[in-house]
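Trainee: Input structure: target-v6.txt, which contains compact mmCIF, C-alpha atoms.
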# COMPACT_ATOMS: atom_id res chain seq x y z
CA MET F 138 372.11 79.15 -123.44
CA GLU F 139 369.85 79.33 -120.47
CA SER F 140 367.38 81.62 -122.29
CA ARG F 141 367.04 79.11 -125.19
CA ILE F 142 365.98 76.36 -122.82
CA LYS F 143 363.41 78.60 -121.15
CA ASN F 144 361.79 79.41 -124.55
CA GLN F 145 361.36 75.70 -125.43
CA GLN F 146 359.71 74.52 -122.25
CA GLY F 147 357.03 71.83 -123.01
CA SER F 148 357.23 71.83 -126.82
CA VAL F 149 358.75 68.32 -126.93
CA LEU F 150 356.00 67.08 -124.64
CA LEU F 151 353.31 68.57 -126.87
CA VAL F 152 354.80 67.05 -130.06
CA SER F 153 355.16 63.66 -128.31
CA LEU F 154 351.52 63.70 -127.19
CA VAL F 155 350.28 64.55 -130.70
CA LEU F 156 352.36 61.73 -132.20
CA LEU F 157 351.09 59.33 -129.54
CA LEU F 158 347.48 60.32 -130.34
CA ILE F 159 348.05 59.71 -134.08
CA LEU F 160 349.56 56.27 -133.39
CA THR F 161 346.67 55.34 -131.08
CA VAL F 162 344.04 56.32 -133.65
CA ALA F 163 345.89 54.34 -136.35
CA GLY F 164 346.10 51.28 -134.07
CA VAL F 165 342.40 51.36 -133.13
CA THR F 166 341.41 51.77 -136.81
CA SER F 167 343.62 48.85 -137.77
CA ILE F 168 342.01 46.62 -135.13
CA ARG F 169 338.50 47.58 -136.30
CA LEU F 170 339.36 46.85 -139.95
CA THR F 171 340.83 43.48 -139.04
CA SER F 172 337.72 42.58 -137.06
CA LEU F 173 335.46 43.63 -139.95
CA GLU F 174 337.50 41.63 -142.46
CA GLU F 175 337.31 38.58 -140.20
CA LYS F 176 333.50 38.87 -140.03
CA MET F 177 333.28 39.29 -143.81
CA THR F 178 335.41 36.18 -144.36
CA GLY F 179 333.21 34.17 -141.98
CA ASN F 180 330.04 35.33 -143.73
CA PHE F 181 331.50 34.50 -147.14
CA ARG F 182 332.44 31.00 -145.98
CA ASN F 183 328.95 30.52 -144.52
CA GLU F 184 327.36 31.60 -147.80
CA GLN F 185 329.63 29.29 -149.79
CA LEU F 186 328.67 26.34 -147.57
CA ALA F 187 325.00 27.11 -148.20
CA PHE F 188 325.58 27.32 -151.96
CA HIS F 189 327.47 24.00 -152.03
CA SER F 190 324.71 22.37 -150.01
CA ALA F 191 322.12 23.70 -152.49
CA GLU F 192 324.13 22.36 -155.45
CA VAL F 193 324.26 18.92 -153.84
CA GLY F 194 320.51 19.23 -153.27
CA VAL F 195 319.98 19.93 -156.98
CA LEU F 196 321.86 16.77 -157.93
CA GLU F 197 319.95 14.65 -155.43
CA ALA F 198 316.56 16.11 -156.45
CA GLU F 199 317.26 15.60 -160.17
CA ASN F 200 318.28 12.03 -159.43
CA TYR F 201 315.03 11.54 -157.48
CA VAL F 202 312.94 12.85 -160.41
CA ALA F 203 314.86 10.78 -162.96
CA ASN F 204 314.49 7.53 -161.02
CA THR F 205 310.91 7.86 -159.75
CA SER F 206 307.80 6.90 -161.66
CA PHE F 207 305.28 9.51 -160.54
CA SER F 208 301.53 9.27 -160.49
CA MET F 209 300.23 12.69 -161.55
CA SER F 210 297.73 12.54 -158.67
CA SER F 211 300.71 12.73 -156.28
CA PHE F 212 301.25 16.37 -157.26
CA THR F 213 298.97 18.69 -155.27
CA SER F 214 298.56 22.41 -154.72
CA GLY F 215 299.47 21.82 -151.06
CA CYS F 216 302.86 20.32 -152.01
CA SER F 217 302.23 17.02 -150.26
CA ASN F 218 305.56 15.23 -149.73
CA GLY F 219 307.29 18.00 -151.70
CA LEU F 220 305.34 17.33 -154.93
CA CYS F 221 303.52 20.44 -156.16
CA PHE F 222 301.09 21.25 -158.98
CA SER F 223 298.75 24.22 -159.07
CA GLY F 224 297.43 23.95 -162.62
CA SER F 225 294.74 21.79 -164.17
CA ASN F 226 294.50 18.55 -166.17
CA SER F 227 297.93 17.23 -165.17
CA SER F 228 297.35 13.82 -166.77
CA ASP F 229 296.22 15.14 -170.17
CA VAL F 230 298.98 16.27 -172.54
CA GLY F 231 296.66 18.34 -174.72
CA THR F 232 294.88 20.30 -171.99
CA CYS F 233 297.42 20.45 -169.14
CA GLU F 234 297.85 24.03 -167.89
CA ASN F 235 300.37 25.41 -165.42
CA GLY F 236 299.13 27.40 -162.49
CA THR F 237 300.60 30.70 -161.36
CA ALA F 238 301.35 29.65 -157.78
CA ARG F 239 304.86 30.18 -156.44
CA PRO F 240 305.06 27.61 -153.65
CA TRP F 241 308.71 28.30 -152.87
CA GLU F 242 307.68 31.74 -151.55
CA ASP F 243 305.41 30.18 -148.91
CA GLU F 244 307.47 29.82 -145.72
CA SER F 245 305.22 26.98 -144.51
CA VAL F 246 306.46 24.84 -147.41
CA TRP F 247 309.94 24.95 -145.86
CA THR F 248 308.92 24.72 -142.19
CA THR F 249 306.34 21.91 -142.49
CA SER F 250 308.12 18.58 -143.04
CA SER F 251 305.20 17.06 -144.98
CA LYS F 252 305.43 19.81 -147.64
CA HIS F 253 309.04 19.32 -148.75
CA ARG F 254 311.62 16.60 -149.19
CA THR F 255 314.95 16.59 -147.37
CA THR F 256 318.27 15.62 -148.91
CA THR F 257 320.15 12.66 -147.50
CA ILE F 258 323.68 13.89 -148.25
CA ASN F 259 325.18 15.73 -145.29
CA LEU F 260 328.06 18.08 -146.00
CA ALA F 261 330.51 18.84 -143.21
CA GLY F 262 329.90 22.19 -141.58
CA ILE F 263 326.29 22.84 -142.60
CA SER F 264 323.67 23.50 -139.94
CA ALA F 265 320.81 21.57 -141.60
CA LEU F 266 320.15 19.31 -144.58
CA ALA F 267 318.90 21.00 -147.74
CA LYS F 268 315.17 20.85 -148.52
CA TYR F 269 313.54 20.71 -151.93
CA ILE F 270 310.21 20.68 -153.74
CA VAL F 271 309.38 19.32 -157.19
CA GLU F 272 306.75 21.14 -159.23
CA PHE F 273 305.10 19.45 -162.21
CA ARG F 274 305.00 22.01 -165.05
CA CYS F 275 303.04 20.00 -167.68
CA TYR F 276 304.59 18.63 -170.85
CA LEU F 277 307.16 19.54 -173.50
CA PRO F 278 307.85 17.88 -176.85
CA LYS F 279 310.50 15.16 -176.44
CA GLU F 280 312.38 16.48 -179.46
CA SER F 281 312.59 20.25 -179.46
CA ASP F 282 313.88 20.42 -183.05
CA GLY F 283 311.47 17.83 -184.45
CA PRO F 284 307.96 18.20 -185.80
CA ILE F 285 305.15 19.39 -183.53
CA PRO F 286 304.03 16.29 -181.63
CA ASP F 287 300.49 15.00 -181.62
CA PRO F 288 298.67 15.86 -178.34
CA ALA F 289 296.89 12.52 -178.58
CA SER F 290 300.21 10.63 -178.57
CA PHE F 291 301.53 10.59 -175.00
CA THR F 292 304.82 8.98 -176.13
CA ASP F 293 305.80 12.13 -178.08
CA TRP F 294 305.86 14.24 -174.92
CA ALA F 295 308.23 14.63 -171.97
CA GLN F 296 307.25 15.57 -168.42
CA PHE F 297 308.58 18.95 -167.35
CA TYR F 298 309.50 19.79 -163.73
CA ARG F 299 310.83 22.76 -161.77
CA ILE F 300 312.95 21.86 -158.75
CA THR F 301 313.52 24.40 -155.95
CA ILE F 302 316.15 23.80 -153.27
CA LEU F 303 316.58 25.73 -150.01
CA ALA F 304 319.86 25.20 -148.18
CA THR F 305 321.64 26.71 -145.19
CA GLY F 306 325.31 27.18 -144.45
CA GLY F 307 327.15 26.84 -141.17
CA SER F 308 324.30 28.73 -139.49
CA THR F 309 320.70 29.40 -140.43
CA ASP F 310 321.65 33.03 -141.17
CA ALA F 311 323.00 32.04 -144.59
CA ARG F 312 320.26 30.66 -146.83
CA VAL F 313 320.52 29.92 -150.54
CA MET F 314 317.65 29.04 -152.83
CA LEU F 315 318.35 27.50 -156.24
CA GLN F 316 315.92 26.56 -158.98
CA THR F 317 316.42 24.32 -161.95
CA THR F 318 314.18 22.75 -164.56
CA TYR F 319 314.20 19.11 -165.54
CA LYS F 320 312.80 17.49 -168.67
CA LYS F 321 312.06 13.79 -168.13
CA ASN F 322 311.90 11.70 -171.30
CA ASP F 323 310.34 8.35 -170.39
As structure tokens, what does this structure read like?
Mentor:
Amino acid sequence: MESRIKNQQGSVLLVSLVLLLILTVAGVTSIRLTSLEEKMTGNFRNEQLAFHSAEVGVLEAENYVANTSFSMSSFTSGCSNGLCFSGSNSSDVGTCENGTARPWEDESVWTTSSKHRTTTINLAGISALAKYIVEFRCYLPKESDGPIPDPASFTDWAQFYRITILATGGSTDARVMLQTTYKKND
């Protein structure tokens, strides 16, 4: 009996240490995964807040366009007061041409307060109010299925706009930009 005990000296200790090492590695991995999942959930919530803020911005900007009687001279290539136009002949239905500028890509449009408009609706949890610009994109026929309208008859045409909204979530790290088009039949 005594010889059996001498042959097994330390084997239980070795097996116990290996099992302890495996449990430690599993515990550390579990903690890291939980931490990563928590960060992912926070980022997803932040992104969703930004998207909701942008959607509210779309509604407010469309309402602004629908209820405002614009002078075509208000639309400039510099996006004064958030009203942009980079083409030519904005007041003439027959010769109005869109420009190729993409003002929403110019960071100064979003950082200079005189170049964009700011929403008034504040959602809980967002870090800043959404900003938007309205681009005049010339004219479209009021009735898309009807006959081709006469370029000399202004009443047969609708004003066409592109609205771009930039919104943030709970921090400025999450930014969402949405674009929509709006056809205004006056």
Trainee: Quick one: residues within 12 Å of Gly179 in chain F, all atoms listed in the file, excluding same-chain residues fewer than 4 positions away - as a list in words?
Mentor: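 Those residues are Ser172, Leu173, Glu174, Glu175, Asn183, Glu184, Gln185, Leu186, Gly306, Gly307, Ser308, Asp310 and Ala311 of chain F.
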Trainee: In Å to one decimal, how far is CA of Gly215 in chain F from CA of Gln296 in chain F?
Mentor: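 Separation between CA of Gln296 in chain F and CA of Gly215 in chain F: 20.0 Å.
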Trainee: Report the distance between CA of Ser223 in chain F and CA of Leu277 in chain F in Å, rounded to one decimal place.
Mentor: 17.3 Å
Trainee: Distance CA of Tyr269 in chain F-CA of Arg254 in chain F, one decimal place?
Mentor: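 Calculated distance between CA of Tyr269 in chain F and CA of Arg254 in chain F is 5.3 Å.
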Trainee: Identify which of the residues F:Val165, F:Cys216, F:Cys275, F:Met314 lies closest to Ser250 in chain F, counting all atoms listed in the file when measuring atom-to-atom distances.
Mentor: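 Of F:Val165, F:Cys216, F:Cys275, F:Met314, the one nearest Ser250 in chain F is F:Cys216, counting all atoms listed in the file.
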Trainee: Taking (323.4, 26.8, -141.7) in the coordinates of the supplied file, I want to know which residues reach to within 12 Å of it, counting only C-alpha atoms; could you give the answer as a ChimeraX atom specification?
Mentor: /F:180,182-191,259-267,303-313
Trainee: Please check which residues have atoms at most 12 Å from (297.2, 11.8, -176.4) in the file's coordinates, counting all atoms listed in the file, and write them as a VMD selection string.
Mentor: chain F and resid 228 to 233 276 286 to 294
Trainee: Using all atoms listed in the file, determine which residues lie at most 9 Å from Ser211 in chain F, disregarding the query and same-chain residues fewer than 5 positions distant; provide the list as number ranges by chain.
Mentor: F: 216-218, 220-222
Trainee: Which residue gives the smallest distance to Ala203 in chain F among F:Leu160, F:Ala295, F:Ile302, F:Val246, with only C-alpha atoms counted?
Mentor: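 Nearest candidate to Ala203 in chain F out of F:Leu160, F:Ala295, F:Ile302, F:Val246: F:Ala295.
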